[in-house]
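Student: input_28.pdb is reproduced below (PDB, C-alpha atoms, pLDDT in the B column).
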```pdb
ATOM      1  CA  MET A   1     -68.689  47.677-183.028  1.00 87.00           C
ATOM      2  CA  ASN A   2     -70.763  50.253-184.919  1.00 94.00           C
ATOM      3  CA  GLN A   3     -69.732  53.892-185.407  1.00 95.00           C
ATOM      4  CA  THR A   4     -71.885  55.157-182.536  1.00 96.00           C
ATOM      5  CA  GLU A   5     -70.342  52.732-180.032  1.00 97.00           C
ATOM      6  CA  LEU A   6     -66.828  53.256-181.372  1.00 98.00           C
ATOM      7  CA  LEU A   7     -67.142  57.050-181.195  1.00 98.00           C
ATOM      8  CA  GLU A   8     -68.239  56.908-177.551  1.00 98.00           C
ATOM      9  CA  GLU A   9     -65.316  54.602-176.702  1.00 98.00           C
ATOM     10  CA  ILE A  10     -62.871  56.964-178.414  1.00 98.00           C
ATOM     11  CA  LEU A  11     -64.345  59.907-176.503  1.00 98.00           C
ATOM     12  CA  ILE A  12     -63.750  58.044-173.221  1.00 98.00           C
ATOM     13  CA  LEU A  13     -60.198  57.219-174.308  1.00 98.00           C
ATOM     14  CA  ALA A  14     -59.417  60.805-175.345  1.00 98.00           C
ATOM     15  CA  ARG A  15     -60.691  62.048-171.982  1.00 98.00           C
ATOM     16  CA  GLN A  16     -58.562  59.477-170.151  1.00 98.00           C
ATOM     17  CA  ALA A  17     -55.543  60.795-172.037  1.00 98.00           C
ATOM     18  CA  GLY A  18     -56.684  64.306-171.138  1.00 97.00           C
ATOM     19  CA  SER A  19     -56.771  63.367-167.451  1.00 97.00           C
ATOM     20  CA  ALA A  20     -53.207  62.043-167.688  1.00 95.00           C
ATOM     21  CA  ILE A  21     -52.174  65.312-169.338  1.00 95.00           C
ATOM     22  CA  MET A  22     -53.852  67.477-166.697  1.00 95.00           C
ATOM     23  CA  GLY A  23     -52.087  65.602-163.902  1.00 93.00           C
ATOM     24  CA  ILE A  24     -48.808  66.832-165.389  1.00 91.00           C
ATOM     25  CA  TYR A  25     -50.085  70.234-166.608  1.00 91.00           C
ATOM     26  CA  GLU A  26     -50.850  71.321-163.062  1.00 87.00           C
ATOM     27  CA  LYS A  27     -47.279  70.655-161.906  1.00 84.00           C
ATOM     28  CA  ASP A  28     -43.815  71.493-163.156  1.00 75.00           C
ATOM     29  CA  PHE A  29     -42.935  69.314-166.127  1.00 78.00           C
ATOM     30  CA  ASN A  30     -39.959  68.465-168.275  1.00 79.00           C
ATOM     31  CA  VAL A  31     -39.656  69.925-171.791  1.00 82.00           C
ATOM     32  CA  GLU A  32     -37.333  68.391-174.358  1.00 83.00           C
ATOM     33  CA  TYR A  33     -36.855  69.210-178.038  1.00 86.00           C
ATOM     34  CA  LYS A  34     -36.916  66.945-181.065  1.00 80.00           C
ATOM     35  CA  ALA A  35     -34.541  67.179-184.017  1.00 78.00           C
ATOM     36  CA  ASP A  36     -36.889  69.634-185.752  1.00 76.00           C
ATOM     37  CA  GLU A  37     -36.886  71.816-182.604  1.00 74.00           C
ATOM     38  CA  SER A  38     -40.522  71.018-181.798  1.00 77.00           C
ATOM     39  CA  PRO A  39     -41.092  70.588-178.061  1.00 78.00           C
ATOM     40  CA  VAL A  40     -42.164  67.366-176.372  1.00 80.00           C
ATOM     41  CA  THR A  41     -43.132  66.983-172.712  1.00 81.00           C
ATOM     42  CA  ASP A  42     -43.765  64.229-170.195  1.00 87.00           C
ATOM     43  CA  ALA A  43     -47.473  64.770-170.903  1.00 90.00           C
ATOM     44  CA  ASP A  44     -47.134  63.971-174.638  1.00 90.00           C
ATOM     45  CA  LEU A  45     -45.602  60.623-173.741  1.00 91.00           C
ATOM     46  CA  ALA A  46     -48.112  59.863-170.971  1.00 93.00           C
ATOM     47  CA  ALA A  47     -51.056  60.611-173.266  1.00 96.00           C
ATOM     48  CA  HIS A  48     -49.531  58.557-176.084  1.00 96.00           C
ATOM     49  CA  LYS A  49     -49.236  55.564-173.771  1.00 96.00           C
ATOM     50  CA  VAL A  50     -52.889  55.829-172.665  1.00 98.00           C
ATOM     51  CA  ILE A  51     -54.135  56.111-176.253  1.00 98.00           C
ATOM     52  CA  ALA A  52     -51.883  53.407-177.732  1.00 97.00           C
ATOM     53  CA  ASN A  53     -52.884  50.927-175.021  1.00 98.00           C
ATOM     54  CA  GLY A  54     -56.557  51.830-175.334  1.00 98.00           C
ATOM     55  CA  LEU A  55     -56.656  51.462-179.120  1.00 98.00           C
ATOM     56  CA  ALA A  56     -54.758  48.151-178.935  1.00 98.00           C
ATOM     57  CA  HIS A  57     -57.528  46.892-176.652  1.00 97.00           C
ATOM     58  CA  LEU A  58     -60.466  48.419-178.569  1.00 98.00           C
ATOM     59  CA  THR A  59     -59.419  47.705-182.153  1.00 98.00           C
ATOM     60  CA  PRO A  60     -56.364  45.413-182.184  1.00 98.00           C
ATOM     61  CA  GLU A  61     -56.786  44.871-185.929  1.00 98.00           C
ATOM     62  CA  ILE A  62     -56.354  48.584-186.828  1.00 98.00           C
ATOM     63  CA  PRO A  63     -52.790  49.995-186.953  1.00 98.00           C
ATOM     64  CA  VAL A  64     -51.935  53.243-185.157  1.00 98.00           C
ATOM     65  CA  LEU A  65     -49.830  56.166-186.346  1.00 97.00           C
ATOM     66  CA  SER A  66     -49.054  58.611-183.524  1.00 95.00           C
ATOM     67  CA  GLU A  67     -46.776  61.631-183.504  1.00 92.00           C
ATOM     68  CA  GLU A  68     -44.888  59.904-180.689  1.00 91.00           C
ATOM     69  CA  SER A  69     -44.445  56.666-182.700  1.00 91.00           C
ATOM     70  CA  ALA A  70     -44.117  57.966-186.243  1.00 92.00           C
ATOM     71  CA  ASP A  71     -41.139  55.870-187.342  1.00 92.00           C
ATOM     72  CA  ILE A  72     -43.239  53.518-189.472  1.00 96.00           C
ATOM     73  CA  SER A  73     -41.838  53.016-192.958  1.00 96.00           C
ATOM     74  CA  TRP A  74     -43.760  54.046-196.046  1.00 97.00           C
ATOM     75  CA  ASP A  75     -43.449  50.454-197.292  1.00 97.00           C
ATOM     76  CA  ILE A  76     -45.690  49.430-194.410  1.00 97.00           C
ATOM     77  CA  ARG A  77     -47.984  52.460-194.318  1.00 97.00           C
ATOM     78  CA  GLN A  78     -48.830  52.393-198.004  1.00 96.00           C
ATOM     79  CA  THR A  79     -50.565  49.041-197.460  1.00 97.00           C
ATOM     80  CA  TRP A  80     -52.942  50.564-194.895  1.00 98.00           C
ATOM     81  CA  THR A  81     -56.520  51.275-195.972  1.00 97.00           C
ATOM     82  CA  ARG A  82     -57.672  51.994-192.407  1.00 98.00           C
ATOM     83  CA  TYR A  83     -55.670  53.289-189.443  1.00 98.00           C
ATOM     84  CA  TRP A  84     -55.797  55.485-186.370  1.00 98.00           C
ATOM     85  CA  LEU A  85     -54.063  58.863-186.669  1.00 98.00           C
ATOM     86  CA  VAL A  86     -53.174  60.270-183.250  1.00 98.00           C
ATOM     87  CA  ASP A  87     -51.647  63.423-181.815  1.00 97.00           C
ATOM     88  CA  PRO A  88     -51.467  62.900-178.030  1.00 96.00           C
ATOM     89  CA  ILE A  89     -51.067  66.660-177.507  1.00 95.00           C
ATOM     90  CA  ASP A  90     -51.667  69.047-180.372  1.00 94.00           C
ATOM     91  CA  GLY A  91     -50.515  72.495-179.347  1.00 89.00           C
ATOM     92  CA  THR A  92     -47.591  71.526-177.124  1.00 84.00           C
ATOM     93  CA  LYS A  93     -46.484  75.175-177.241  1.00 86.00           C
ATOM     94  CA  GLU A  94     -49.867  76.181-175.810  1.00 89.00           C
ATOM     95  CA  PHE A  95     -49.485  73.477-173.167  1.00 88.00           C
ATOM     96  CA  ILE A  96     -46.086  74.868-172.168  1.00 87.00           C
ATOM     97  CA  LYS A  97     -47.524  78.406-172.049  1.00 89.00           C
ATOM     98  CA  LYS A  98     -50.403  77.060-169.915  1.00 89.00           C
ATOM     99  CA  ASN A  99     -53.097  78.898-171.871  1.00 91.00           C
ATOM    100  CA  GLY A 100     -55.333  75.830-172.112  1.00 93.00           C
ATOM    101  CA  GLU A 101     -55.522  75.765-175.917  1.00 94.00           C
ATOM    102  CA  PHE A 102     -54.174  72.269-176.513  1.00 95.00           C
ATOM    103  CA  THR A 103     -55.992  69.137-177.575  1.00 97.00           C
ATOM    104  CA  VAL A 104     -55.950  65.352-177.710  1.00 98.00           C
ATOM    105  CA  ASN A 105     -56.578  64.262-181.311  1.00 98.00           C
ATOM    106  CA  ILE A 106     -57.711  60.778-182.365  1.00 98.00           C
ATOM    107  CA  ALA A 107     -58.976  60.156-185.919  1.00 98.00           C
ATOM    108  CA  LEU A 108     -59.908  57.058-187.880  1.00 98.00           C
ATOM    109  CA  ILE A 109     -58.658  57.360-191.460  1.00 98.00           C
ATOM    110  CA  GLU A 110     -60.220  55.227-194.192  1.00 98.00           C
ATOM    111  CA  ASN A 111     -58.846  55.324-197.744  1.00 98.00           C
ATOM    112  CA  GLY A 112     -57.124  58.639-197.070  1.00 98.00           C
ATOM    113  CA  LYS A 113     -60.162  60.320-195.496  1.00 98.00           C
ATOM    114  CA  PRO A 114     -60.906  60.998-191.796  1.00 98.00           C
ATOM    115  CA  ILE A 115     -64.297  59.384-191.071  1.00 98.00           C
ATOM    116  CA  LEU A 116     -64.515  59.382-187.247  1.00 98.00           C
ATOM    117  CA  ALA A 117     -62.721  61.521-184.685  1.00 98.00           C
ATOM    118  CA  VAL A 118     -62.503  63.098-181.262  1.00 98.00           C
ATOM    119  CA  VAL A 119     -60.790  66.368-180.339  1.00 98.00           C
ATOM    120  CA  ASP A 120     -60.658  66.800-176.566  1.00 98.00           C
ATOM    121  CA  ALA A 121     -59.508  70.025-174.900  1.00 98.00           C
ATOM    122  CA  PRO A 122     -59.015  68.846-171.304  1.00 97.00           C
ATOM    123  CA  ALA A 123     -58.075  72.229-169.817  1.00 96.00           C
ATOM    124  CA  LEU A 124     -61.186  73.818-171.341  1.00 96.00           C
ATOM    125  CA  GLY A 125     -63.586  71.013-170.404  1.00 97.00           C
ATOM    126  CA  VAL A 126     -64.875  70.577-173.947  1.00 98.00           C
ATOM    127  CA  SER A 127     -64.768  67.777-176.514  1.00 98.00           C
ATOM    128  CA  TYR A 128     -65.631  67.693-180.197  1.00 98.00           C
ATOM    129  CA  LEU A 129     -66.629  64.386-181.755  1.00 98.00           C
ATOM    130  CA  ALA A 130     -67.826  63.293-185.167  1.00 98.00           C
ATOM    131  CA  ALA A 131     -68.534  60.256-187.313  1.00 98.00           C
ATOM    132  CA  GLU A 132     -69.779  60.172-190.889  1.00 97.00           C
ATOM    133  CA  ALA A 133     -72.761  57.978-190.047  1.00 95.00           C
ATOM    134  CA  ILE A 134     -73.857  60.090-187.065  1.00 97.00           C
ATOM    135  CA  GLY A 135     -72.839  63.748-187.365  1.00 98.00           C
ATOM    136  CA  ALA A 136     -70.615  66.201-185.489  1.00 98.00           C
ATOM    137  CA  PHE A 137     -71.069  67.328-181.886  1.00 98.00           C
ATOM    138  CA  LYS A 138     -69.670  69.545-179.156  1.00 98.00           C
ATOM    139  CA  ASP A 139     -69.769  67.964-175.710  1.00 98.00           C
ATOM    140  CA  ARG A 140     -69.169  69.644-172.358  1.00 96.00           C
ATOM    141  CA  GLY A 141     -69.885  66.570-170.266  1.00 89.00           C
ATOM    142  CA  ASP A 142     -73.353  67.650-169.156  1.00 93.00           C
ATOM    143  CA  GLU A 143     -74.468  68.963-172.558  1.00 96.00           C
ATOM    144  CA  ARG A 144     -74.052  67.793-176.146  1.00 97.00           C
ATOM    145  CA  ILE A 145     -75.052  69.876-179.145  1.00 98.00           C
ATOM    146  CA  GLU A 146     -74.980  68.918-182.806  1.00 98.00           C
ATOM    147  CA  LEU A 147     -72.774  71.018-185.075  1.00 98.00           C
ATOM    148  CA  LYS A 148     -74.131  71.944-188.508  1.00 97.00           C
ATOM    149  CA  VAL A 149     -72.581  74.898-190.271  1.00 96.00           C
ATOM    150  CA  THR A 150     -74.378  77.078-192.759  1.00 93.00           C
ATOM    151  CA  THR A 151     -72.542  78.486-195.743  1.00 93.00           C
ATOM    152  CA  LYS A 152     -72.264  82.239-196.105  1.00 91.00           C
ATOM    153  CA  ALA A 153     -71.609  84.607-198.974  1.00 90.00           C
ATOM    154  CA  ASN A 154     -68.138  86.031-199.473  1.00 87.00           C
ATOM    155  CA  LYS A 155     -69.112  89.524-198.389  1.00 88.00           C
ATOM    156  CA  GLY A 156     -69.485  91.576-195.225  1.00 91.00           C
ATOM    157  CA  LEU A 157     -67.595  90.622-192.093  1.00 95.00           C
ATOM    158  CA  ILE A 158     -65.483  87.472-192.473  1.00 95.00           C
ATOM    159  CA  ARG A 159     -64.158  85.840-189.301  1.00 95.00           C
ATOM    160  CA  VAL A 160     -60.705  84.409-190.008  1.00 95.00           C
ATOM    161  CA  VAL A 161     -58.942  81.984-187.674  1.00 93.00           C
ATOM    162  CA  GLY A 162     -55.198  82.354-187.236  1.00 83.00           C
ATOM    163  CA  SER A 163     -52.632  80.483-185.196  1.00 71.00           C
ATOM    164  CA  ARG A 164     -51.775  81.798-181.758  1.00 65.00           C
ATOM    165  CA  SER A 165     -48.191  80.495-181.849  1.00 62.00           C
ATOM    166  CA  HIS A 166     -47.450  80.499-185.583  1.00 63.00           C
ATOM    167  CA  PRO A 167     -48.323  83.906-187.113  1.00 62.00           C
ATOM    168  CA  SER A 168     -47.888  83.962-190.886  1.00 73.00           C
ATOM    169  CA  PRO A 169     -47.073  86.901-193.181  1.00 80.00           C
ATOM    170  CA  ASP A 170     -48.918  84.976-195.909  1.00 86.00           C
ATOM    171  CA  LEU A 171     -52.065  85.115-193.768  1.00 86.00           C
ATOM    172  CA  ALA A 172     -51.788  88.903-193.453  1.00 83.00           C
ATOM    173  CA  GLU A 173     -51.657  89.105-197.237  1.00 87.00           C
ATOM    174  CA  PHE A 174     -54.470  86.558-197.670  1.00 89.00           C
ATOM    175  CA  VAL A 175     -57.058  88.461-195.611  1.00 88.00           C
ATOM    176  CA  LYS A 176     -56.686  91.560-197.782  1.00 88.00           C
ATOM    177  CA  ARG A 177     -59.170  89.950-200.203  1.00 88.00           C
ATOM    178  CA  PHE A 178     -62.033  90.437-197.725  1.00 90.00           C
ATOM    179  CA  ASP A 179     -63.851  93.743-197.234  1.00 89.00           C
ATOM    180  CA  GLU A 180     -64.054  93.424-193.471  1.00 93.00           C
ATOM    181  CA  VAL A 181     -62.127  90.950-191.325  1.00 92.00           C
ATOM    182  CA  GLU A 182     -62.284  89.877-187.713  1.00 93.00           C
ATOM    183  CA  MET A 183     -59.208  87.867-186.711  1.00 91.00           C
ATOM    184  CA  VAL A 184     -59.680  85.056-184.205  1.00 91.00           C
ATOM    185  CA  SER A 185     -56.518  83.637-182.617  1.00 88.00           C
ATOM    186  CA  LYS A 186     -56.554  80.081-181.343  1.00 90.00           C
ATOM    187  CA  GLY A 187     -54.070  77.285-180.707  1.00 88.00           C
ATOM    188  CA  SER A 188     -54.027  73.657-181.849  1.00 92.00           C
ATOM    189  CA  SER A 189     -56.784  71.812-183.726  1.00 95.00           C
ATOM    190  CA  LEU A 190     -59.311  74.054-181.964  1.00 96.00           C
ATOM    191  CA  LYS A 191     -58.930  76.294-185.039  1.00 96.00           C
ATOM    192  CA  LEU A 192     -60.697  73.723-187.215  1.00 97.00           C
ATOM    193  CA  CYS A 193     -63.308  73.189-184.503  1.00 98.00           C
ATOM    194  CA  LEU A 194     -64.100  76.916-184.434  1.00 97.00           C
ATOM    195  CA  VAL A 195     -65.187  76.690-188.059  1.00 98.00           C
ATOM    196  CA  ALA A 196     -67.141  73.501-187.294  1.00 98.00           C
ATOM    197  CA  GLU A 197     -69.097  75.213-184.513  1.00 97.00           C
ATOM    198  CA  GLY A 198     -69.791  78.383-186.501  1.00 96.00           C
ATOM    199  CA  SER A 199     -67.519  80.679-184.470  1.00 96.00           C
ATOM    200  CA  ALA A 200     -65.371  81.410-187.530  1.00 96.00           C
ATOM    201  CA  ASP A 201     -65.868  81.397-191.297  1.00 97.00           C
ATOM    202  CA  ILE A 202     -62.484  80.390-192.644  1.00 96.00           C
ATOM    203  CA  TYR A 203     -59.198  78.950-191.454  1.00 96.00           C
ATOM    204  CA  PRO A 204     -56.494  79.315-194.096  1.00 95.00           C
ATOM    205  CA  ARG A 205     -53.464  77.294-192.983  1.00 94.00           C
ATOM    206  CA  LEU A 206     -50.547  78.897-194.796  1.00 92.00           C
ATOM    207  CA  GLY A 207     -47.817  77.273-192.749  1.00 88.00           C
ATOM    208  CA  PRO A 208     -46.482  73.780-192.059  1.00 90.00           C
ATOM    209  CA  THR A 209     -48.576  71.111-190.325  1.00 94.00           C
ATOM    210  CA  CYS A 210     -48.280  67.347-190.096  1.00 96.00           C
ATOM    211  CA  GLU A 211     -51.087  64.905-190.785  1.00 98.00           C
ATOM    212  CA  TRP A 212     -51.607  64.107-187.087  1.00 97.00           C
ATOM    213  CA  ASP A 213     -52.128  67.835-186.409  1.00 97.00           C
ATOM    214  CA  THR A 214     -55.163  67.970-188.677  1.00 98.00           C
ATOM    215  CA  GLY A 215     -56.806  64.538-189.050  1.00 98.00           C
ATOM    216  CA  ALA A 216     -59.236  64.777-186.134  1.00 98.00           C
ATOM    217  CA  GLY A 217     -60.149  68.446-186.589  1.00 98.00           C
ATOM    218  CA  HIS A 218     -60.582  67.803-190.313  1.00 98.00           C
ATOM    219  CA  ALA A 219     -63.202  65.140-189.565  1.00 98.00           C
ATOM    220  CA  ILE A 220     -65.061  67.399-187.116  1.00 98.00           C
ATOM    221  CA  ALA A 221     -65.159  70.333-189.560  1.00 98.00           C
ATOM    222  CA  GLU A 222     -66.068  68.336-192.650  1.00 98.00           C
ATOM    223  CA  ILE A 223     -68.763  66.245-190.992  1.00 98.00           C
ATOM    224  CA  ALA A 224     -70.225  69.476-189.559  1.00 98.00           C
ATOM    225  CA  GLY A 225     -70.516  70.741-193.143  1.00 98.00           C
ATOM    226  CA  ALA A 226     -67.391  72.845-193.735  1.00 98.00           C
ATOM    227  CA  LYS A 227     -65.111  72.330-196.731  1.00 97.00           C
ATOM    228  CA  VAL A 228     -61.560  71.131-196.043  1.00 98.00           C
ATOM    229  CA  THR A 229     -59.446  71.491-199.166  1.00 97.00           C
ATOM    230  CA  LYS A 230     -55.997  72.216-200.478  1.00 97.00           C
ATOM    231  CA  LEU A 231     -55.575  75.736-201.857  1.00 94.00           C
ATOM    232  CA  ASP A 232     -56.441  74.532-205.368  1.00 95.00           C
ATOM    233  CA  GLY A 233     -59.821  73.282-204.119  1.00 94.00           C
ATOM    234  CA  SER A 234     -58.948  69.571-204.224  1.00 97.00           C
ATOM    235  CA  PRO A 235     -59.515  67.411-201.104  1.00 97.00           C
ATOM    236  CA  LEU A 236     -56.933  67.235-198.328  1.00 98.00           C
ATOM    237  CA  VAL A 237     -56.007  63.531-198.120  1.00 98.00           C
ATOM    238  CA  TYR A 238     -53.887  61.392-195.811  1.00 98.00           C
ATOM    239  CA  ASN A 239     -51.277  58.653-196.069  1.00 98.00           C
ATOM    240  CA  THR A 240     -50.447  59.167-199.748  1.00 97.00           C
ATOM    241  CA  LYS A 241     -46.706  59.753-199.467  1.00 96.00           C
ATOM    242  CA  ASP A 242     -43.566  58.978-197.511  1.00 96.00           C
ATOM    243  CA  GLU A 243     -43.509  62.223-195.507  1.00 96.00           C
ATOM    244  CA  TYR A 244     -46.117  63.428-193.008  1.00 97.00           C
ATOM    245  CA  LEU A 245     -46.229  67.119-193.954  1.00 97.00           C
ATOM    246  CA  ASN A 246     -49.534  68.524-195.192  1.00 98.00           C
ATOM    247  CA  PRO A 247     -49.789  70.955-198.087  1.00 97.00           C
ATOM    248  CA  TYR A 248     -51.263  74.361-197.256  1.00 96.00           C
ATOM    249  CA  PHE A 249     -55.008  74.019-196.861  1.00 97.00           C
ATOM    250  CA  MET A 250     -58.233  75.805-196.023  1.00 96.00           C
ATOM    251  CA  VAL A 251     -61.265  75.099-193.845  1.00 98.00           C
ATOM    252  CA  SER A 252     -64.165  77.231-194.990  1.00 97.00           C
ATOM    253  CA  VAL A 253     -67.915  77.803-194.920  1.00 97.00           C
ATOM    254  CA  ILE A 254     -67.740  80.598-197.493  1.00 95.00           C
ATOM    255  CA  GLU A 255     -69.863  79.803-200.567  1.00 86.00           C
ATOM    256  CA  GLU A 256     -67.433  80.795-203.269  1.00 67.00           C
ATOM    257  CA  GLU A 257     -64.254  78.850-202.618  1.00 48.00           C
ATOM    258  CA  THR A 258     -61.485  81.331-201.963  1.00 47.00           C
ATOM    259  CA  LYS A 259     -58.226  80.386-203.683  1.00 48.00           C
ATOM    260  CA  LEU A 260     -54.757  81.805-203.674  1.00 46.00           C
TER
END
```
The structure in this file should be written as structure tokens.
Tutor:
Amino acid sequence: MNQTELLEEILILARQAGSAIMGIYEKDFNVEYKADESPVTDADLAAHKVIANGLAHLTPEIPVLSEESADISWDIRQTWTRYWLVDPIDGTKEFIKKNGEFTVNIALIENGKPILAVVDAPALGVSYLAAEAIGAFKDRGDERIELKVTTKANKGLIRVVGSRSHPSPDLAEFVKRFDEVEMVSKGSSLKLCLVAEGSADIYPRLGPTCEWDTGAGHAIAEIAGAKVTKLDGSPLVYNTKDEYLNPYFMVSVIEEETKL
């Protein structure tokens, strides 16, 4: 299966997971809490099941790492050169608040780099999809547009994306470096997609995230032409260590790389 065919199949799968989520979203649902106090709902588990079954059928030879099945030892994972990285619902807090800003994230990681991905926002009726060989796109079902960002100088008004549910004092300090700032609040991996579609200029993530939170959005943003780097300017990479936590990172279209 080539990248074009695979991307379309993953889009269908992400939307099927989104349909399962919406069936629960529109009713009362159960919320439980993991050991780290992060919430998990019936919808996370339903979406995980749809995606895991779908990927097992589509690409049985490629292993899957999902937030809801993350207990895979480093001894096993360090042998992977290619795997699916999945977050069945990114933005569970947004899901619980019913503000619509949650996503289904599916990314194909190859040698530590996301090369193909779908981010579906089922409550908003929009999907983002990208593959290195094809490009990045925003799809509303009846319309698909290609995403290509243009870099901009580090002057004038800078649109900065921040988290809706995880405000950071470090972010407040960070934006002081810009002459004029417009803050854009958004939940989930939609923050990376805002940079990919040109609705924001920079997303500095100065708080904790896990690899499944960022893999798909990372692919969308980078393939659209944005830079996704650690704060020192080096690439953000995946599956290089035992734990799943990301370092702080930045998604930017600003010409001169802004560093802390």
Student: Could you jot down the CA of Trp212 in chain A to CA of Gly225 in chain A separation for me, Å, one decimal place?
Tutor: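 Pair CA of Trp212 in chain A / CA of Gly225 in chain A returns 20.9 Å.
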Student: On this structure, which residues satisfy the PyMOL selection byres ((chain A and resi 21) around 12), written as an MDAnalysis selection string?
Tutor: chainID A and resid 14:20 22:27 29 41:51 88:90 92 95:96 98 100 102:104 120:123
Student: Apply the PyMOL selection byres ((chain A and resi 111) around 10) to the displayed file and report the matching residues as a ChimeraX atom specification.
Tutor: /A:80-83,109-110,112-115,237-240
Student: Just give me the gap between CA of Arg205 in chain A and CA of Ile10 in chain A in Å, one decimal is fine.
Tutor: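 Result for CA of Arg205 in chain A versus CA of Ile10 in chain A: 26.7 Å, one decimal.
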Student: The residues within 6 Å of (-41.8, 51.4, -195.9), using all atoms listed in the file and the coordinates of the file, should be reported as a PDB file with C-alpha atoms, in the frame of the given file; which are they?
Tutor:
```pdb
ATOM      1  CA  SER A  73     -41.838  53.016-192.958  1.00 96.00           C
ATOM      2  CA  TRP A  74     -43.760  54.046-196.046  1.00 97.00           C
ATOM      3  CA  ASP A  75     -43.449  50.454-197.292  1.00 97.00           C
ATOM      4  CA  ILE A  76     -45.690  49.430-194.410  1.00 97.00           C
TER       5      ILE A  76
END
```
Student: Can you tell me how far CA of Pro204 in chain A sits from CA of Gly91 in chain A, in Å to one decimal?
Tutor: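 Spanning CA of Pro204 in chain A to CA of Gly91 in chain A is a straight-line distance of 17.3 Å.
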Student: For Ser234 in chain A, which residue out of A:Leu108, A:Ala52, A:Ile202, A:Val251 is the nearest one, using only C-alpha atoms?
Tutor: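 With only C-alpha atoms as the atom set, the closest residue is A:Val251.
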Student: Hey, can I get the axis-aligned box for range 188-201 of chain A? All listed atoms, 3 Å padding on each side, centre and edge lengths in Å to one decimal, as lines of an AutoDock Vina configuration file.
Tutor:
```
center_x = -61.9
center_y = 76.6
center_z = -186.6
size_x = 21.8
size_y = 15.6
size_z = 15.4
```
Student: Restricting the calculation to all atoms listed in the file, which member of A:Val119, A:Met183, A:Leu236, A:Ala70 is positioned closest to Asp139 in chain A?
Tutor: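 So, comparing all the options, the nearest one is A:Val119.
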Student: For the structure provided, state which residues fall under the PyMOL selection byres ((chain A and resi 207) around 8), and present them as a ChimeraX atom specification.
Tutor: /A:166,168,205-206,208-209,248
Student: How would you write as a PDB file with C-alpha atoms, in the frame of the given file the residues that get within 8 Å of (-49.6, 51.5, -189.4) in the file's frame, counting only C-alpha atoms?
Tutor:
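result.pdb written:
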```pdb
ATOM      1  CA  ILE A  62     -56.354  48.584-186.828  1.00 98.00           C
ATOM      2  CA  PRO A  63     -52.790  49.995-186.953  1.00 98.00           C
ATOM      3  CA  VAL A  64     -51.935  53.243-185.157  1.00 98.00           C
ATOM      4  CA  LEU A  65     -49.830  56.166-186.346  1.00 97.00           C
ATOM      5  CA  ILE A  72     -43.239  53.518-189.472  1.00 96.00           C
ATOM      6  CA  ILE A  76     -45.690  49.430-194.410  1.00 97.00           C
ATOM      7  CA  ARG A  77     -47.984  52.460-194.318  1.00 97.00           C
ATOM      8  CA  TRP A  80     -52.942  50.564-194.895  1.00 98.00           C
ATOM      9  CA  TYR A  83     -55.670  53.289-189.443  1.00 98.00           C
ATOM     10  CA  TRP A  84     -55.797  55.485-186.370  1.00 98.00           C
TER      11      TRP A  84
END
```
Student: I'd like to know which of A:Val161, A:Val184, A:Met250, A:Ile12 is closest to Ala226 in chain A, using only C-alpha atoms.
Tutor: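 Residue with the minimum atom-to-atom distance to Ala226 in chain A: A:Met250.
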Student: Excluding Phe249 in chain A and any residue of its chain fewer than 4 positions from it, enumerate the residues within 6 Å of it, using all atoms listed in the file, and give them as a PyMOL selection string.
Tutor: chain A and resi 205+229-231
Student: Of the residues A:Lys186, A:Lys241, A:Arg144, A:Lys97, which is the one nearest to Thr79 in chain A, using all atoms listed in the file?
Tutor: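 Among the listed residues, A:Lys241 lies closest to Thr79 in chain A.
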Student: From the options A:Ala131, A:Cys210, A:Val181, A:Val40, which residue's atoms come nearest to Leu157 in chain A, counting all atoms listed in the file?
Tutor: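 Closest to Leu157 in chain A, using all atoms listed in the file: A:Val181.
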Student: Would you please work out which residue, of A:Gly141, A:Pro247, A:Pro39, A:Gly135, is nearest to Thr214 in chain A when using all atoms listed in the file?
Tutor: A:Pro247
